[in-house]
Amino acid sequence: MRLRIKYSKTGQMAFLGHLEMLRLWQRAMRRAGLPVAMSQGFNPHPRLAFGPALALGLESLAEYLDVELAADREPDRVQVELQAQLPPGLEILLVRTIPDQAPALTAVIDVAAYRVTWLKEVDPGLLQQRVESLLARQEVLVRRTGRDGRPRVKDIRPGILKLVLDPSPDLVMLLQCSQAGSVRPEEVLKALALETPARMVRTGLFARRGDDLLAPEDISG
Amino acid sequence: MKLLSQVTKPARYLGTEWNAVHKDWEENPARMVFIYPDLYEVGMSHLGLAILYGAVNEQPGMLMERAFAPGPDMEALLRENHIPLFSLESHRPLADFDVIGFTLQYEMSYTTILNILDLAGIPVLATERGAGYPLIIGGGPGVANPEPVAPFFDCFLLGDGEEALPEFLNLVGQLKKEGLWDHRREVLDRIASLPGFYVPSFYDVTYNSDGTVAAVVPNRPGIPERVSKRVLPDLDEAYFPTRPIVPFLEVVHDRIMLEVMRGCTHGCRFCQAGAIYRPVRERDLAVLLRQAEELVRHTGHEEISLTSLSTADYSRVEELARALVAAYGDLGVSVSLPSLRVDAFSVRLADAVQQVRKSSLTFAPEAGSQRLRDVINKGVTEDDILTATAEAFRAGWQAIKLYFMLGLPTEGEEDLQGIAGLARRILYQGRELAPGKKPTVTVSVSSFVPKAWTAFQWEPQDQVAVLKEKQQLLRNHIKGPGLRFNWHDAEISYIEAVLARGDRRLAAAIMAAWRRGARLEGWSEYFSYACWERAFQETGLDPAFYANRERREEEVFPWDHLDFGVSKTFLLRERRRARAGQLTADCRSGRCTGCGVCPGLGVDLRLKGGPEDRAPADKV
Ligand code: SF4
């Protein structure tokens with residue numbers, strides 16, 4: 001059976017990278033006695049799959065993890081037993097059964113939401129102005145380092161789906177986040193030319209269906 | 001938190017790993033921080049830390065937290081912002097603790113110890129630390145000869161710590177309650193009366209005109225002439241942590257460490273661990289299976305490593321390995337054997353537990369000729385080696401690693417040629433036994449470092465130039481498809497040799513090297529020979545006197561006032577037998593070879609026998 005787990009990753013846990021999270025969840029599941037299915041082959045490994053990577057240092061209120069079990073378990077019980085094996089900062093928000101053939105998280109998720117709260121006071125008027133002028137631009141070029149280590153330039157404007165102050169002066173962003181390409185929230189902040197220190201949190205991951213945003217736990221096909 | 005976002009691997013400094021213990025500061029008046037003087041990833045792989053952390057924290061009234069050497073980026077931030085180095089659990093400055101304990105695992109960590117004290121705002125010399133500073137204690141194998149670092153420490157613990165350390169912290173709590181803690185002399189007096197605790201400032205060292213030690217004698221009444229190590233007679237009764245900390249980061253040994261036994265009876269003549277951890281004490285099979293069950297349940301680790309100095313020697317190793325594979329294989333937990341003997345039995349064992357096949361199998365013949373292997377009492381023949389490697393190729397391994405030591409006593413050119421020859425024979429064997437595959441043989445050489453408490457403690461180390469020539473010669477002979485050659489920095493081995501048998505005067509050189517920037521020297525990228533050369537010049541100490549000089553048989557050693565059980569007469573006899581190429585049998589077989597440990601410390605070998613009990617001479 002396949003379970004989809006939604007969890008938050010806050011506080012110190014923001015400092016754990018992808019590999020550390022993988023190890024942590026595997027071990028927590030073994031401690032909780034979950035019968036995780038193993039892959040076949042030479043070097044069997046537990047069948048776990050995460051959603052899109054989160055940058056080191058960012059907190060998140062909506063991370064996802066799929067796990068395949070070798071035997072059936074009641075999702076509610078899994079939530080309680082697994083939660084007992086997790087360090088503070090990782091909180092399971094829901095556990096839901098999904099069909100065995102449901103597409104992988106990374107295949108369905110293509111939008112990420114972020115909320116920025118400012119650590120110093122900002123002028124909401126100025127903020128609004130910056131946001132509007134950014135949205136008015138045809139292209140927003142950023143510098144990135146390619147896989148080969150060479151710098152390249154990318155236009156992130158098409159990936160900026162939404163940028164609003166809600167409630168002002170919090171900045172809410174909807175950014176493209178898919179295998180085809182992602183916009184990093186810190187790139188948007190930089191493009192807004194705001195030096196003010198901020199705390200950024202990922203608040204949601206979604207699949208775009210026309211004009212609707214669906215949560216991964218509600219997708220079954 | 002602000003610092004954490006600016007450093008690499010912030011998870012090194014969190015302190016909230018699974019099973020980390022956060023005890024109440026006020027309710028536990030005896031407070032100690034345990035420091036492994038290297039990076040987190042190395043320190044968290046140390047079984048001793050897990051044992052002592054558990055043993056202390058299970059006791060009421062005392063607590064133990066952890067600290068490690070910060071990474072260079074974190075060190076820079078701490079210094080820049082004037083933040084003293086802190087413990088992981090409570091993030092308190094190290095100076096807030098009553099006791100700071102360092103484990104001395106290798107000589108190249110000594111400069112890091114000074115750096116950590118300095119980062120904590122604590123004077124490095126014991127004489128400069130008045131009341132109000134923590135007491136600095138050292139333990140671990142380096143205490144076999146702690147003299148080069150003696151001026152930095154208040155006391156040392158010799159031998160097993162799981163009983164001794166709680167005893168010590170009990171005393172600390174008592175002294176604090178009695179209001180005596182600030183009377184340092186009094187405190188040290190009481191500590192020195194605990195068995196196994198050595199207070200270096202209570203001993204005076206005098207020197208001969210040739211620079212050798214004349215005598216080390218107590219300078220106070222009531223202080224023992226010799227301090228004996230602590231030994232747990234029965235490991236089944238000893239504390240063992242079944243809730244060890246599970247790191248977030250990948251560490252060097254990221255797995256369950258199931259300690260199957262302590263000590264080793266093979267008696268390799270260069271091996272310090274084999275001498276100072278005697279006698280052999282095996283754990284009962286039932287105890288180990290119970291511990292394994294608890295460890296899997298409490299950690300969730302994916303691998304169980306059967307640890308000891310020579311795991312294939314454990315009387316019931318096969319039974320244990322098979323039982324663990326059967327019990328946990330389905331859960332995705334594998335079993336591994338870190339230290340293999342060079343024999344076919346060990347290979348079959350490794351095969352049976354399905355040690356990750358894609359990696360290589362490592363053997364340590366140590367020397368390239370039979371003559372030299374007999375000199376070091378390795379107890380394996382070329383036949384053993386070839387049978388073992390053949391077994392490995394047949395079982396599907398394609399990469400073999402071989403460890404050797406350069407510069408062993410009596411070594412000549414034939415011995416070096418022997419290393420290259422053996423590597424080639426193993427490679428040809430692999431090509432024959434695994435046709436169509438591409439076997440590789442990797443030869444890794446380190447340099448012989450004469451250590452205290454070994455039969456070779458009288459021997460000189462080769463000059464650095466000679467070691468380099470030998471490395472060059474091997475490099476020329478070990479090349480071609482399928483052959484690889486690795487070597488250790490000869491200069492690091494040289495400094496190790498200086499410190500391993502050094503006396504108290506060397507403390508000045510360690511300080512000078514640290515002042516010049518030496519730290520984290522276990523990592524060759526941070527090691528700087530130039531630091532040490534300048535340090536020796538500045539202090540007027542001659543490193544060759546310590547490393548390259550053959551000691552006279554009657555010479556007094558800087559560690560002669562310490563007692564690890566093995567007698568000097570035995571070691572001298574072993575040295576003579578080495579020169580004569582005579583082997584000394586393993587005392588496991590029942591014939592005591594008179595090393596002195598058992599009668600001297602009132603203990604005994606604890607072997608657990610069992611149906612598969614095999615004599616050590618039996619190579620299967
Ligand atoms: S005293 Fe004898 S039996 Fe005991 S460890 Fe030494 S050699 Fe072995």
# chains A, B, ... in the order shown; residues from 1 in each chain; ligands from 1
call {"tool": "residues_around", "arguments": {"residues": "B:Ala465", "least_positions_apart": "5", "cutoff": "10 Å", "atoms": "only C-alpha atoms", "output": "list in words"}}
result
Lys470, Gln471, Ala490 and Glu491 of chain B
call {"tool": "write_last_selection", "arguments": {"atoms": "N, CA, C and O atoms", "output": "tab-separated table (two decimals), in the first residue's frame"}}
result
chain	number	residue	atom	x	y	z
B	470	LYS	N	61.57	4.70	0.28
B	470	LYS	CA	60.87	3.42	0.23
B	470	LYS	C	59.53	3.56	-0.48
B	470	LYS	O	59.13	2.69	-1.26
B	471	GLN	N	58.85	4.65	-0.21
B	471	GLN	CA	57.57	4.90	-0.91
B	471	GLN	C	57.81	5.00	-2.41
B	471	GLN	O	57.07	4.44	-3.21
B	490	ALA	N	54.65	10.87	5.06
B	490	ALA	CA	55.70	10.41	5.98
B	490	ALA	C	55.92	11.41	7.11
B	490	ALA	O	56.24	11.03	8.23
B	491	GLU	N	55.72	12.70	6.80
B	491	GLU	CA	55.95	13.71	7.84
B	491	GLU	C	54.94	13.59	8.98
B	491	GLU	O	55.28	13.82	10.14
call {"tool": "residues_around", "arguments": {"residues": "A:Tyr64", "least_positions_apart": "5", "cutoff": "6 Å", "atoms": "only C-alpha atoms", "output": "ChimeraX atom specification"}}
result
/A:5-6,50-51
call {"tool": "closest_atom_pairs", "arguments": {"of": "chain A", "to": "chain B", "cutoff": "7 Å", "atoms": "only C-alpha atoms", "output": "JSON lines"}}
result
{"residue": "A:Phe15", "atom": "CA", "partner": "B:Pro10", "partner_atom": "CA", "distance": 6.1}
{"residue": "A:Leu16", "atom": "CA", "partner": "B:Ala11", "partner_atom": "CA", "distance": 6.4}
{"residue": "A:Glu20", "atom": "CA", "partner": "B:Phe248", "partner_atom": "CA", "distance": 5.6}
{"residue": "A:Leu24", "atom": "CA", "partner": "B:Phe248", "partner_atom": "CA", "distance": 6.6}
{"residue": "A:Arg27", "atom": "CA", "partner": "B:Gly300", "partner_atom": "CA", "distance": 4.1}
{"residue": "A:Ala28", "atom": "CA", "partner": "B:Gly300", "partner_atom": "CA", "distance": 6.2}
{"residue": "A:Arg30", "atom": "CA", "partner": "B:Gly300", "partner_atom": "CA", "distance": 4.9}
{"residue": "A:Arg31", "atom": "CA", "partner": "B:Gly300", "partner_atom": "CA", "distance": 4.8}
{"residue": "A:Gly57", "atom": "CA", "partner": "B:Ser5", "partner_atom": "CA", "distance": 6.5}
{"residue": "A:Pro87", "atom": "CA", "partner": "B:Trp18", "partner_atom": "CA", "distance": 6.5}
call {"tool": "write_last_selection", "arguments": {"atoms": "C-alpha atoms", "output": "PDB file, in the first residue's frame"}}
result
ATOM      1  CA  PHE A  15      19.184  23.033   8.583  1.00  0.00           C
ATOM      2  CA  LEU A  16      18.791  19.441   7.458  1.00  0.00           C
ATOM      3  CA  GLU A  20      19.780  13.978   6.047  1.00  0.00           C
ATOM      4  CA  LEU A  24      16.052  10.558   9.288  1.00  0.00           C
ATOM      5  CA  ARG A  27      15.299   5.476  10.621  1.00  0.00           C
ATOM      6  CA  ALA A  28      12.159   6.905  12.181  1.00  0.00           C
ATOM      7  CA  ARG A  30      12.241   1.535  11.281  1.00  0.00           C
ATOM      8  CA  ARG A  31      11.953   2.623  14.899  1.00  0.00           C
ATOM      9  CA  GLY A  57      17.809  26.921   5.800  1.00  0.00           C
ATOM     10  CA  PRO A  87      12.500  15.142  16.541  1.00  0.00           C
TER      11      PRO A  87
END
call {"tool": "select_by_dssp", "arguments": {"residues": "stretch 246-282 of chain B", "states": "helix (DSSP H, G or I)", "output": "PDB file with all heavy atoms, in the first residue's frame"}}
result
ATOM      1  N   GLN B 272      49.773  -1.217  19.578  1.00  0.00           N
ATOM      2  CA  GLN B 272      49.568  -0.695  20.927  1.00  0.00           C
ATOM      3  C   GLN B 272      48.196  -1.085  21.475  1.00  0.00           C
ATOM      4  O   GLN B 272      48.078  -1.478  22.626  1.00  0.00           O
ATOM      5  CB  GLN B 272      49.700   0.828  20.909  1.00  0.00           C
ATOM      6  CG  GLN B 272      49.571   1.447  22.275  1.00  0.00           C
ATOM      7  CD  GLN B 272      49.610   2.956  22.221  1.00  0.00           C
ATOM      8  OE1 GLN B 272      48.830   3.600  21.523  1.00  0.00           O
ATOM      9  NE2 GLN B 272      50.545   3.546  22.936  1.00  0.00           N
ATOM     10  N   ALA B 273      47.188  -1.002  20.622  1.00  0.00           N
ATOM     11  CA  ALA B 273      45.838  -1.336  21.079  1.00  0.00           C
ATOM     12  C   ALA B 273      45.797  -2.770  21.605  1.00  0.00           C
ATOM     13  O   ALA B 273      45.180  -3.061  22.632  1.00  0.00           O
ATOM     14  CB  ALA B 273      44.838  -1.150  19.946  1.00  0.00           C
ATOM     15  N   GLY B 274      46.490  -3.666  20.874  1.00  0.00           N
ATOM     16  CA  GLY B 274      46.511  -5.065  21.285  1.00  0.00           C
ATOM     17  C   GLY B 274      47.102  -5.235  22.677  1.00  0.00           C
ATOM     18  O   GLY B 274      46.747  -6.165  23.405  1.00  0.00           O
ATOM     19  N   ALA B 275      48.019  -4.350  23.040  1.00  0.00           N
ATOM     20  CA  ALA B 275      48.656  -4.469  24.350  1.00  0.00           C
ATOM     21  C   ALA B 275      47.815  -3.810  25.445  1.00  0.00           C
ATOM     22  O   ALA B 275      47.560  -4.410  26.484  1.00  0.00           O
ATOM     23  CB  ALA B 275      50.049  -3.850  24.310  1.00  0.00           C
ATOM     24  N   ILE B 276      47.351  -2.591  25.197  1.00  0.00           N
ATOM     25  CA  ILE B 276      46.743  -1.855  26.309  1.00  0.00           C
ATOM     26  C   ILE B 276      45.292  -2.234  26.589  1.00  0.00           C
ATOM     27  O   ILE B 276      44.769  -1.906  27.636  1.00  0.00           O
ATOM     28  CB  ILE B 276      46.858  -0.319  26.118  1.00  0.00           C
ATOM     29  CG1 ILE B 276      46.094   0.145  24.882  1.00  0.00           C
ATOM     30  CG2 ILE B 276      48.318   0.113  26.034  1.00  0.00           C
ATOM     31  CD1 ILE B 276      46.029   1.653  24.738  1.00  0.00           C
TER      32      ILE B 276
END
call {"tool": "closest_residue", "arguments": {"among": "B:Asp503, B:Val335, B:Cys264, B:Met511", "to": "ligand 1", "atoms": "only C-alpha atoms and all ligand atoms"}}
result
B:Cys264
call {"tool": "residues_near_ligand", "arguments": {"ligand": "ligand 1", "cutoff": "8 Å", "atoms": "only C-alpha atoms and all ligand atoms", "output": "list of chain:residue names"}}
result
B:Thr265, B:Arg278, B:Pro279, B:Val280, B:Val566, B:Asp586, B:Cys587, B:Arg588, B:Gly590, B:Arg591, B:Cys592, B:Thr593, B:Gly594, B:Cys595, B:Gly596, B:Val597, B:Cys598, B:Pro599, B:Gly600, B:Val603, B:Asp604, B:Leu605
call {"tool": "select_by_dssp", "arguments": {"residues": "stretch 97-195 of chain A", "states": "strand (DSSP E or B)", "output": "JSON, numbers by chain"}}
result
{"A": [97, 98, 111, 112, 113, 114, 115, 116, 117, 118, 141, 142, 143, 144, 145, 151, 152, 153, 154, 155, 160, 161, 162, 163, 164, 165, 171, 172, 173, 174, 175, 176, 177, 178, 181, 182]}
call {"tool": "write_last_selection", "arguments": {"atoms": "C-alpha atoms", "output": "PDB file, in the first residue's frame"}}
result
ATOM      1  CA  THR A  97      -3.657   6.346   1.335  1.00  0.00           C
ATOM      2  CA  ILE A  98      -3.067   6.883  -2.368  1.00  0.00           C
ATOM      3  CA  VAL A 111       3.800  25.199  -8.031  1.00  0.00           C
ATOM      4  CA  ALA A 112       5.236  26.267  -4.685  1.00  0.00           C
ATOM      5  CA  ALA A 113       3.887  28.966  -2.378  1.00  0.00           C
ATOM      6  CA  TYR A 114       6.108  31.010  -0.094  1.00  0.00           C
ATOM      7  CA  ARG A 115       5.397  33.581   2.551  1.00  0.00           C
ATOM      8  CA  VAL A 116       7.925  36.269   3.392  1.00  0.00           C
ATOM      9  CA  THR A 117       7.702  38.121   6.681  1.00  0.00           C
ATOM     10  CA  TRP A 118      10.031  41.021   7.252  1.00  0.00           C
ATOM     11  CA  LEU A 141      16.999  37.813 -15.741  1.00  0.00           C
ATOM     12  CA  VAL A 142      18.947  36.061 -13.001  1.00  0.00           C
ATOM     13  CA  ARG A 143      22.380  34.542 -12.909  1.00  0.00           C
ATOM     14  CA  ARG A 144      22.729  30.879 -12.080  1.00  0.00           C
ATOM     15  CA  THR A 145      25.523  28.355 -12.087  1.00  0.00           C
ATOM     16  CA  PRO A 151      27.397  30.708 -15.173  1.00  0.00           C
ATOM     17  CA  ARG A 152      24.268  31.130 -17.228  1.00  0.00           C
ATOM     18  CA  VAL A 153      21.396  33.563 -17.356  1.00  0.00           C
ATOM     19  CA  LYS A 154      17.763  32.604 -16.948  1.00  0.00           C
ATOM     20  CA  ASP A 155      14.533  34.496 -17.323  1.00  0.00           C
ATOM     21  CA  ILE A 160       6.538  34.038 -11.233  1.00  0.00           C
ATOM     22  CA  LEU A 161       2.862  33.141 -11.129  1.00  0.00           C
ATOM     23  CA  LYS A 162       1.690  35.435  -8.396  1.00  0.00           C
ATOM     24  CA  LEU A 163       3.097  38.084  -6.131  1.00  0.00           C
ATOM     25  CA  VAL A 164       0.827  39.804  -3.568  1.00  0.00           C
ATOM     26  CA  LEU A 165       0.988  41.539  -0.217  1.00  0.00           C
ATOM     27  CA  LEU A 171       4.704  38.973   0.705  1.00  0.00           C
ATOM     28  CA  VAL A 172       3.073  35.893  -0.748  1.00  0.00           C
ATOM     29  CA  MET A 173       4.578  34.279  -3.828  1.00  0.00           C
ATOM     30  CA  LEU A 174       3.441  31.515  -6.108  1.00  0.00           C
ATOM     31  CA  LEU A 175       6.391  30.241  -8.092  1.00  0.00           C
ATOM     32  CA  GLN A 176       6.891  27.564 -10.654  1.00  0.00           C
ATOM     33  CA  CYS A 177       8.433  24.498  -9.034  1.00  0.00           C
ATOM     34  CA  SER A 178       8.623  21.509 -11.340  1.00  0.00           C
ATOM     35  CA  GLY A 181      12.206  24.392 -14.020  1.00  0.00           C
ATOM     36  CA  SER A 182      11.852  26.254 -10.776  1.00  0.00           C
TER      37      SER A 182
END
call {"tool": "residues_around", "arguments": {"residues": "B:His22", "least_positions_apart": "5", "cutoff": "10 Å", "atoms": "only C-alpha atoms", "output": "compact mmCIF listing (two decimals) with N, CA, C and O atoms, in the first residue's frame"}}
result
# COMPACT_ATOMS: atom_id res chain seq x y z
N GLY B 15 22.65 19.56 18.16
CA GLY B 15 22.51 18.95 19.48
C GLY B 15 21.16 18.36 19.79
O GLY B 15 20.88 17.99 20.92
N THR B 16 20.29 18.27 18.78
CA THR B 16 18.95 17.73 19.03
C THR B 16 18.73 16.40 18.31
O THR B 16 17.61 16.04 17.99
N ASN B 57 24.98 9.72 31.93
CA ASN B 57 23.66 10.33 31.93
C ASN B 57 22.59 9.46 32.58
O ASN B 57 21.54 9.95 32.97
N LEU B 63 25.58 14.98 34.77
CA LEU B 63 25.20 15.04 33.36
C LEU B 63 26.42 15.14 32.48
O LEU B 63 27.48 15.62 32.92
N MET B 64 26.30 14.64 31.26
CA MET B 64 27.38 14.76 30.29
C MET B 64 26.82 15.30 28.98
O MET B 64 25.81 14.80 28.48
N GLU B 65 27.45 16.36 28.48
CA GLU B 65 27.09 16.88 27.16
C GLU B 65 28.27 16.65 26.23
O GLU B 65 29.29 16.11 26.64
N LEU B 88 26.94 20.96 22.71
CA LEU B 88 25.84 20.80 21.77
C LEU B 88 24.47 20.79 22.44
O LEU B 88 23.52 21.37 21.94
N GLU B 89 24.36 20.11 23.58
CA GLU B 89 23.04 19.91 24.17
C GLU B 89 22.43 21.21 24.70
O GLU B 89 21.30 21.55 24.37
N SER B 90 23.16 21.92 25.56
CA SER B 90 22.57 23.11 26.16
C SER B 90 23.11 24.39 25.54
O SER B 90 22.70 25.48 25.93
call {"tool": "atom_distance", "arguments": {"atom1": "atom CA of B:Glu80", "atom2": "atom CA of B:Tyr40"}}
result
21.4 Å
call {"tool": "closest_residue", "arguments": {"among": "B:Ile256, B:Leu520, B:Ala144, B:Leu235", "to": "B:Asp563", "atoms": "only C-alpha atoms"}}
result
B:Ala144
